[in-house]
Amino acid sequence: MNIKSIKVQLSIFLMLFALYASFIGKDALFLLSLGISLIAAIGTDTFITYLKTRKIVITESSVVSGLIIGYVLSSSQTWWIVVLASALAIASKHLIRLNARRIFNPAGFGVLAATFLLGAITEWKGAFIWYLIIPFGVYFSFKIRKLELVAGYFIVSFILFGSQAIINKVNITDIFGYLNYFFIFIMLIEPMTTPITHYGKIIFGSGAGALIFVLYLLGIKEAEIVSLLCFNLLTPLLNKRGRK
């Protein structure tokens, strides 16, 4: 295990954060569901990788994807739905590709597929424990050079949701209380499916924030993940058009 790897660091953070969230929420079932999603993701990825290379390898990305799915899906649902969500996530990483690169955020794809196909319920465990997610999220965003993406998301979200708050005569600072920080700092910045160019990252983050606002107004289910996957599709174009 290479502790300098950002994926290893993220995995450690997510595991420790899970223990904390479970403790303060008195929710041992969350840890069980998280364990199921983690094992399912690792098992599926190891099996597919073995079919391709005839080698047994546990990848860092499968660990991260399994952990994220465990956070996002509700721990109260049937275990096999969690397993299928993890399997679909890993399958998308291997099968849905363009120019040898994955297209969709694996965890996002698995969760959305499970939600619409299997009736899965999302919970976003720990999403609002901002005092832990924000500092570590800023660190991870800095390390993988996605701060522009996060900044674009926050600026557009503040403008749109802030304007809505003013129109509805609600305290504008209240919007910071219901932002999904887990989505912003853990899922949105996934390096393999987001732009690598400066302006591409800004467009991706601000565009995702704007689309989420519109989807919320329309009452679309799982607006964050739908928006994320839509902009994942645009990443190749943003990498070409977003260069300085």
# chains A, B, ... in the order shown; residues from 1 in each chain; ligands from 1
call {"tool": "select_by_dssp", "arguments": {"residues": "range 43-220 of chain A", "states": "strand (DSSP E or B)", "output": "list in words"}}
result
Leu73, Arg97, Leu98, Arg101, Arg102 and Thr122 of chain A
call {"tool": "residues_around", "arguments": {"residues": "range 214-226 of chain A", "least_positions_apart": "6", "cutoff": "8 Å", "atoms": "only C-alpha atoms", "output": "list of chain:residue names"}}
result
A:Gly108, A:Phe109, A:Leu112, A:Phe183, A:Ala208
call {"tool": "write_last_selection", "arguments": {"atoms": "C-alpha atoms", "output": "tab-separated table (two decimals), in the first residue's frame"}}
result
chain	number	residue	atom	x	y	z
A	108	GLY	CA	-22.20	7.63	-9.70
A	109	PHE	CA	-23.15	5.26	-12.52
A	112	LEU	CA	-27.97	5.96	-10.54
A	183	PHE	CA	-20.94	14.99	-3.43
A	208	ALA	CA	-22.78	20.90	-12.98
call {"tool": "closest_residue", "arguments": {"among": "A:Ile121, A:Ala151, A:Ile129, A:Val156", "to": "Ile24 in chain A", "atoms": "only C-alpha atoms"}}
result
A:Ile129
call {"tool": "residues_around", "arguments": {"residues": "Phe158 in chain A", "least_positions_apart": "3", "cutoff": "12 Å", "atoms": "only C-alpha atoms", "output": "PDB file with C-alpha atoms, in the first residue's frame"}}
result
ATOM      1  CA  ALA A 151     -14.715  26.888  -7.033  1.00  0.00           C
ATOM      2  CA  GLY A 152     -16.851  27.009 -10.187  1.00  0.00           C
ATOM      3  CA  TYR A 153     -19.453  24.791  -8.551  1.00  0.00           C
ATOM      4  CA  PHE A 154     -19.628  26.878  -5.378  1.00  0.00           C
ATOM      5  CA  ILE A 155     -19.819  30.225  -7.188  1.00  0.00           C
ATOM      6  CA  PHE A 161     -29.578  29.152  -4.872  1.00  0.00           C
ATOM      7  CA  GLY A 162     -28.817  32.514  -3.249  1.00  0.00           C
ATOM      8  CA  SER A 163     -31.091  34.300  -5.725  1.00  0.00           C
ATOM      9  CA  GLN A 164     -33.780  31.734  -5.037  1.00  0.00           C
ATOM     10  CA  ALA A 165     -33.377  32.315  -1.292  1.00  0.00           C
ATOM     11  CA  ILE A 166     -33.746  36.062  -1.734  1.00  0.00           C
ATOM     12  CA  ILE A 172     -29.134  33.500   2.053  1.00  0.00           C
ATOM     13  CA  THR A 173     -26.583  31.891   4.379  1.00  0.00           C
ATOM     14  CA  ASP A 174     -28.962  28.958   4.864  1.00  0.00           C
ATOM     15  CA  ILE A 175     -27.895  27.544   1.499  1.00  0.00           C
ATOM     16  CA  PHE A 176     -24.560  26.486   2.990  1.00  0.00           C
ATOM     17  CA  GLY A 177     -26.456  24.252   5.385  1.00  0.00           C
ATOM     18  CA  TYR A 178     -28.024  22.076   2.726  1.00  0.00           C
ATOM     19  CA  LEU A 179     -25.203  21.779   0.202  1.00  0.00           C
ATOM     20  CA  SER A 206     -20.051  25.659 -12.802  1.00  0.00           C
ATOM     21  CA  GLY A 209     -23.912  23.374 -10.329  1.00  0.00           C
ATOM     22  CA  ALA A 210     -26.253  25.117 -12.774  1.00  0.00           C
ATOM     23  CA  PHE A 213     -30.264  23.846  -9.774  1.00  0.00           C
TER      24      PHE A 213
END
call {"tool": "residues_around", "arguments": {"residues": "Ile39 in chain A", "least_positions_apart": "6", "cutoff": "9 Å", "atoms": "only C-alpha atoms", "output": "CSV table (one decimal) with N, CA and C atoms, in the first residue's frame"}}
result
chain,number,residue,atom,x,y,z
A,63,VAL,N,-11.7,0.1,-4.4
A,63,VAL,CA,-11.9,0.3,-3.0
A,63,VAL,C,-12.7,1.7,-2.8
A,66,GLY,N,-16.3,1.3,-4.0
A,66,GLY,CA,-17.2,0.6,-3.1
A,66,GLY,C,-17.5,1.4,-1.8
A,83,VAL,N,-25.1,-4.8,-3.5
A,83,VAL,CA,-24.1,-5.6,-4.3
A,83,VAL,C,-24.2,-5.3,-5.8
A,86,SER,N,-22.8,-1.9,-6.7
A,86,SER,CA,-21.3,-2.0,-6.8
A,86,SER,C,-20.8,-2.7,-8.0
call {"tool": "decode", "arguments": {"residues": "range 21-173 of chain A", "atoms": "C-alpha atoms", "output": "compact mmCIF listing (two decimals), in the first residue's frame"}}
result
# COMPACT_ATOMS: atom_id res chain seq x y z
CA ALA A 21 -20.43 8.98 11.19
CA SER A 22 -21.62 5.62 12.46
CA PHE A 23 -20.66 6.51 16.02
CA ILE A 24 -22.34 9.91 16.18
CA GLY A 25 -25.38 8.57 14.33
CA LYS A 26 -25.48 5.34 16.37
CA ASP A 27 -25.87 3.47 13.11
CA ALA A 28 -24.01 0.16 13.01
CA LEU A 29 -26.11 -0.93 10.01
CA PHE A 30 -24.32 1.72 7.95
CA LEU A 31 -20.99 0.00 8.54
CA LEU A 32 -22.46 -3.35 7.53
CA SER A 33 -23.85 -1.92 4.30
CA LEU A 34 -20.55 -0.15 3.64
CA GLY A 35 -18.70 -3.44 4.10
CA ILE A 36 -21.04 -5.19 1.65
CA SER A 37 -20.57 -2.52 -1.03
CA LEU A 38 -16.80 -2.54 -0.52
CA ILE A 39 -16.49 -6.32 -0.80
CA ALA A 40 -18.80 -6.41 -3.83
CA ALA A 41 -16.80 -3.70 -5.63
CA ILE A 42 -13.44 -5.30 -4.90
CA GLY A 43 -14.72 -8.76 -5.82
CA THR A 44 -16.23 -7.62 -9.13
CA ASP A 45 -13.17 -5.62 -10.12
CA THR A 46 -10.78 -8.41 -9.17
CA PHE A 47 -12.82 -10.93 -11.17
CA ILE A 48 -12.99 -8.77 -14.32
CA THR A 49 -9.31 -7.87 -14.05
CA TYR A 50 -8.42 -11.55 -13.70
CA LEU A 51 -10.37 -12.38 -16.86
CA LYS A 52 -8.37 -9.73 -18.70
CA THR A 53 -4.88 -10.31 -17.29
CA ARG A 54 -4.99 -13.66 -15.48
CA LYS A 55 -3.67 -11.82 -12.44
CA ILE A 56 -5.37 -11.28 -9.09
CA VAL A 57 -5.15 -7.57 -8.35
CA ILE A 58 -7.04 -5.39 -5.90
CA THR A 59 -7.20 -1.92 -7.37
CA GLU A 60 -7.36 1.31 -5.38
CA SER A 61 -10.21 2.59 -7.54
CA SER A 62 -12.42 -0.40 -6.66
CA VAL A 63 -11.92 0.33 -2.96
CA VAL A 64 -12.86 4.00 -3.41
CA SER A 65 -15.91 3.16 -5.54
CA GLY A 66 -17.16 0.58 -3.06
CA LEU A 67 -16.78 2.98 -0.16
CA ILE A 68 -18.56 5.82 -1.95
CA ILE A 69 -21.51 3.59 -2.87
CA GLY A 70 -21.75 2.53 0.77
CA TYR A 71 -22.06 6.16 1.79
CA VAL A 72 -24.58 7.17 -0.85
CA LEU A 73 -27.02 4.27 -0.80
CA SER A 74 -29.33 3.83 2.16
CA SER A 75 -28.17 1.09 4.52
CA SER A 76 -31.79 0.11 5.22
CA GLN A 77 -32.38 -1.54 1.85
CA THR A 78 -31.87 -5.14 0.79
CA TRP A 79 -28.23 -6.23 0.65
CA TRP A 80 -28.41 -7.52 -2.92
CA ILE A 81 -29.27 -4.05 -4.22
CA VAL A 82 -26.05 -2.75 -2.69
CA VAL A 83 -24.13 -5.62 -4.28
CA LEU A 84 -25.63 -4.98 -7.72
CA ALA A 85 -24.95 -1.25 -7.46
CA SER A 86 -21.28 -1.97 -6.77
CA ALA A 87 -21.12 -4.53 -9.57
CA LEU A 88 -22.70 -2.10 -12.05
CA ALA A 89 -20.27 0.61 -10.97
CA ILE A 90 -17.24 -1.57 -11.63
CA ALA A 91 -18.68 -2.96 -14.86
CA SER A 92 -19.13 0.58 -16.19
CA LYS A 93 -15.46 1.29 -15.49
CA HIS A 94 -14.37 -1.64 -17.63
CA LEU A 95 -17.02 -1.66 -20.35
CA ILE A 96 -18.12 1.94 -20.99
CA ARG A 97 -14.96 3.55 -22.30
CA LEU A 98 -13.78 6.00 -24.93
CA ASN A 99 -10.21 6.02 -26.19
CA ALA A 100 -9.24 3.60 -23.40
CA ARG A 101 -10.61 5.96 -20.74
CA ARG A 102 -13.69 5.44 -18.61
CA ILE A 103 -16.54 7.82 -19.37
CA PHE A 104 -18.67 7.83 -16.24
CA ASN A 105 -17.84 8.22 -12.58
CA PRO A 106 -18.14 4.52 -11.57
CA ALA A 107 -19.83 5.07 -8.21
CA GLY A 108 -22.20 7.63 -9.70
CA PHE A 109 -23.15 5.26 -12.52
CA GLY A 110 -23.73 2.38 -10.10
CA VAL A 111 -25.88 4.43 -7.76
CA LEU A 112 -27.97 5.96 -10.54
CA ALA A 113 -28.48 2.61 -12.24
CA ALA A 114 -29.54 1.01 -8.96
CA THR A 115 -31.86 3.92 -8.23
CA PHE A 116 -33.71 3.89 -11.54
CA LEU A 117 -33.56 0.17 -12.34
CA LEU A 118 -33.83 -1.41 -8.90
CA GLY A 119 -35.63 1.26 -6.89
CA ALA A 120 -32.64 1.86 -4.62
CA ILE A 121 -32.85 4.65 -2.05
CA THR A 122 -30.03 7.12 -1.43
CA GLU A 123 -29.03 8.42 1.98
CA TRP A 124 -25.73 10.33 1.53
CA LYS A 125 -24.40 9.38 4.93
CA GLY A 126 -22.29 12.10 6.53
CA ALA A 127 -22.88 14.52 3.65
CA PHE A 128 -23.53 17.41 5.98
CA ILE A 129 -20.67 16.85 8.42
CA TRP A 130 -19.04 19.84 6.79
CA TYR A 131 -16.41 20.45 9.46
CA LEU A 132 -14.61 17.24 8.43
CA ILE A 133 -15.45 16.95 4.74
CA ILE A 134 -14.50 20.52 3.78
CA PRO A 135 -10.90 20.61 5.09
CA PHE A 136 -10.07 17.13 3.84
CA GLY A 137 -11.99 17.80 0.61
CA VAL A 138 -9.97 20.94 -0.06
CA TYR A 139 -6.80 18.92 0.51
CA PHE A 140 -7.87 16.18 -1.93
CA SER A 141 -9.03 18.77 -4.48
CA PHE A 142 -5.68 20.53 -4.27
CA LYS A 143 -3.69 17.31 -4.62
CA ILE A 144 -5.51 16.24 -7.78
CA ARG A 145 -5.68 19.81 -9.13
CA LYS A 146 -9.46 20.20 -9.13
CA LEU A 147 -9.81 23.37 -7.05
CA GLU A 148 -11.04 25.33 -10.09
CA LEU A 149 -13.81 22.78 -10.54
CA VAL A 150 -14.93 23.09 -6.92
CA ALA A 151 -14.71 26.89 -7.03
CA GLY A 152 -16.85 27.01 -10.19
CA TYR A 153 -19.45 24.79 -8.55
CA PHE A 154 -19.63 26.88 -5.38
CA ILE A 155 -19.82 30.22 -7.19
CA VAL A 156 -22.65 29.19 -9.51
CA SER A 157 -24.52 27.37 -6.74
CA PHE A 158 -24.28 30.39 -4.45
CA ILE A 159 -25.55 32.72 -7.19
CA LEU A 160 -28.48 30.52 -8.23
CA PHE A 161 -29.58 29.15 -4.87
CA GLY A 162 -28.82 32.51 -3.25
CA SER A 163 -31.09 34.30 -5.73
CA GLN A 164 -33.78 31.73 -5.04
CA ALA A 165 -33.38 32.31 -1.29
CA ILE A 166 -33.75 36.06 -1.73
CA ILE A 167 -36.87 35.64 -3.87
CA ASN A 168 -38.36 33.31 -1.26
CA LYS A 169 -37.28 35.68 1.53
CA VAL A 170 -35.03 33.07 3.14
CA ASN A 171 -31.72 33.82 4.84
CA ILE A 172 -29.13 33.50 2.05
CA THR A 173 -26.58 31.89 4.38
